[in-house]
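Okay, so here's the structure we're looking at.
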Amino acid sequence: MSAPNAAQRFGATTTLHGTRFLVPSSVAERIELCLFDPSGAESDRVDLAPHGDGTWMADVDGVGHGQHYGFRVHGPGHPAAGHACDPAKLLVDPAARRLAGDLRWTPELVAPGVDSAPFVPRSVVVAPTSVHPAERPATPWDRTVAYEAHVGQLTALHPLVPASDRGRFAGLAAPAVLDHLLRLGVTAVELLPVQHFVSESFLTAAGRRNTWGYNPLGWSAPHAGYATPGGDPEAELRAAVAELHAVGIEVWLDVVFNHTCEGSLGQGPILSLRGFDNAGCYRLIAGPGGLVDDDVTGCGNAVDSRSPVVRRLVRESLVRWVTEIGIDGFRFDLAATLIRGDDGPVADAPLLAELAAEADLEGTKLVAEPWDIGADGYALGLFPAPWREWSDRYRDDTRDLWRGRSGWSVGASRLTGSAEVFRHAGRDATAGVNVVSTHDGFTLADLVTYDRPVDDGHDQRSWNGGLDGPTAEPAVRHGRRRRQRALLAMLACAQGVPQLLSGDEVGRTQGGRANGYTLDPWEWGVRWVDADWDLAAWTGAAFALRHAHPVLAIEDKGRGALRIGHGQGAGQRGELRRRRAARLAMADRAEDRRAVQLQRGRLVLVGVTGGDEPRHPAHRWARGASRCTPTGTGPSDRAARSTRSPATWPWSDLRSWCSEVAAPSVAAPSVSAAVEAQRLRAVGPDRVVSGEVAAVRPSSVARLRSAPGETAGPPWRRRCGRRPRAAA
């Protein structure tokens, strides 16, 4: 299934004497490798030799790391027949590890027979490196708390991140960022696309850009725009990943293998896959004048995973991200496209089987966005174990619940892992990834502030509390703060894998915009100096509660699910992994594993603790034995356990608890934004707990680097006007 060794993988691979270039095409008649000198001038051309398996190869002596190159493909160029070969077009290597230069949108990119070389980026030879699996945190699914973040938006406005690192890979590892993630209890950061992407031509013409990155040109190349000027994107991302690993935080990537930036056949540019083998890489259907794109993504084209070449490109790209940079997991954008057969998505798609058989991906976390806009494209629940899936059911129903449009009978299903969707065929209680908000749609703050988007975004199931937009009305503001906390409380308590949107914990707003794919990070990123630190501290407390009580994060091994983690059961795990496992074992030593059941309209937490639970500001279970109905017999037993986790929790009591913890610790933050900003600049990221400011020193990160296992706790986008039915 896998290529025998690295030298047989697609792309440019350095050897003892030079570099081997390997590219796919089943229709090419001739393929030329073009080499460029440092000035950008073409210095040489080399013909690749065809192989019988639809690949072309050349070994070029004297060519090494840093060499710029591209390809020209001779072959059929008849769009109506599904082909677009044109030797006048300089093509990007589909498996390039790095791209240099900017794409310039000009008619030459599309016009047949016109040279495009001056307007396209160059591929760059990169000597491969490796990352040892033992250096990864390998957090079990039942202890995972994910944090979806955009490289730019997370740090562009952070005053404690060096100016040169803001909005770049290096900023991800700034001590202030690491401290914040650890205080929240985050165990995995999921980055919006960092595969090299470009902005669409219509955006560029309007002076805007695609900020999110769902428009890829190079699947295996880190986005150059996130590196320092003149820096090495791969090295800088690898360094940031290593720093996050050192404090026990995994790094996942949002990957876009369902389409590329080449748009529609005959209209979009010829940049890479289209020029090599359009019919062999994209889904095509019969149109009025010949073959056209089967656009099930809404982005102009859809990659055809029925093709063995496409599956190999995807698989090898994932292996590079894991073995050379250290990535721990992937969230697959519009994953229904990747499992499409001739008649729609299927659970036994070849790509899933090949990824499962790839040894270098063993233990890698795999998460699906389980839909696209094609026929039968809503595939929630279709992905087999060990895949996890984004749950729009959780998102929509919890939003409806806390705006009064649904009841607790629906909330019960979401709190218990949406079992009617996921619990089958060996899947467990962590199969669903629960989200309240994501990059695509309202932020949490906007969800409680606006009744409808101010832009072209779709309905968000939001409620403004009586007045639309920002207001000084105390009652409305108080209600909004309560609903923010109620939504976060459910996220922390629900079965499944919780995922926060970066900035939700500090009240980030997009001004009511729900389609923010062009919002500039330096204007709409997380405004740290205006942050709601009281909400941040409350969020950290809620997830500390989750980490402290395994019943809130149960993993049902009885259904045969795999506990995902790099290197599990395979030799040396490394000091970080051993120490982390020991700490987690200590936290669990006095607790029985418990199950969550729904019985006669009541949420039943089966099992009791063997000792006192940690007391925590957000831990309200201890309040009043009358609201807890333990399974023990007799008043004395009930009283003795009233200060621990309840054993039986009526839905009415759960609702009361959620409403209670939704109440802010203070009516309004006692520290003004101006004072907080001043403190941030002076001493570091502060937090407000019950109205009091407590400075948090960066020393915690230094200590974690020296002893990572000793932490004090575990640590859609625009679719040309269309989006899946599942999107909010």
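Ligands are numbered from 1 in the order shown, residues from 1 within each chain, and chains are lettered A, B, ... in the order they appear in the structure tokens.
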
Report task. Check segment 290-342 of chain A with DSSP on the backbone and list each residue it calls strand (DSSP E), as a ChimeraX atom specification. Result -> /A:290-293,329-332

Would you write out those residues with C-alpha atoms, as a compact mmCIF listing (two decimals), in the first residue's frame?
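Listing of out-v7.txt after writing:
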```
# COMPACT_ATOMS: atom_id res chain seq x y z
CA GLY A 290 -18.67 17.80 -23.29
CA LEU A 291 -17.21 16.94 -19.89
CA VAL A 292 -17.53 19.41 -17.04
CA ASP A 293 -16.59 19.40 -13.38
CA GLY A 329 -4.03 14.67 13.65
CA PHE A 330 -6.07 15.96 10.74
CA ARG A 331 -9.54 17.39 10.25
CA PHE A 332 -10.63 16.65 6.66
```

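The coordinates place atom CA of Leu103 of chain A at 17.0 Å from atom CA of Arg72 of chain A.
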
**Report entry** Selection: 10 Å around Trp56 of chain A, only C-alpha atoms, excl. self and same-chain fewer than 3 positions, as a ChimeraX atom specification
**Finding:** /A:10,21-26,28,30-32,47-53

Query raised in the report: Nearest to Ala173 of chain A among A:Val27, A:Leu444, A:Ala489, A:Leu237, with distances taken over only C-alpha atoms: which residue is it?
Result: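 So, comparing all the options, the nearest one is A:Leu237.
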
Requested in this report: Name all residues at most 8 Å from Val319 of chain A (count only C-alpha atoms; drop same-chain ones fewer than 5 positions away) and give them as a PyMOL selection string.
Outcome: chain A and resi 324+360-361

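Here atom CA of Asp333 of chain A and atom CA of Pro370 of chain A stand 8.2 Å from one another.
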
Query raised in the report: So which one's closest to Gly75 of chain A, A:Ala134, A:Val124, A:Ala88, A:Val114? Using only C-alpha atoms, please.
Result: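 Checking each candidate against Gly75 of chain A, we get A:Ala88 as the closest.
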
**Report entry** DSSP-assigned helix (DSSP H, G or I) members of segment 214-416 of chain A, reported as JSON, numbers by chain
**Finding:** {"A": [224, 225, 226, 233, 234, 235, 236, 237, 238, 239, 240, 241, 242, 243, 244, 245, 246, 273, 274, 275, 276, 277, 278, 279, 280, 281, 308, 309, 310, 311, 312, 313, 314, 315, 316, 317, 318, 319, 320, 321, 322, 323, 324, 325, 335, 336, 337, 338, 350, 351, 352, 353, 354, 355, 356, 357, 359, 360, 361, 392, 393, 394, 395, 396, 397, 398, 399, 400, 401, 408, 409, 410, 411, 412, 413, 414, 415]}

Report summary line: Correct to one decimal, the distance atom CA of Phe442 of chain A-atom CA of Thr539 of chain A is 18.4 Å
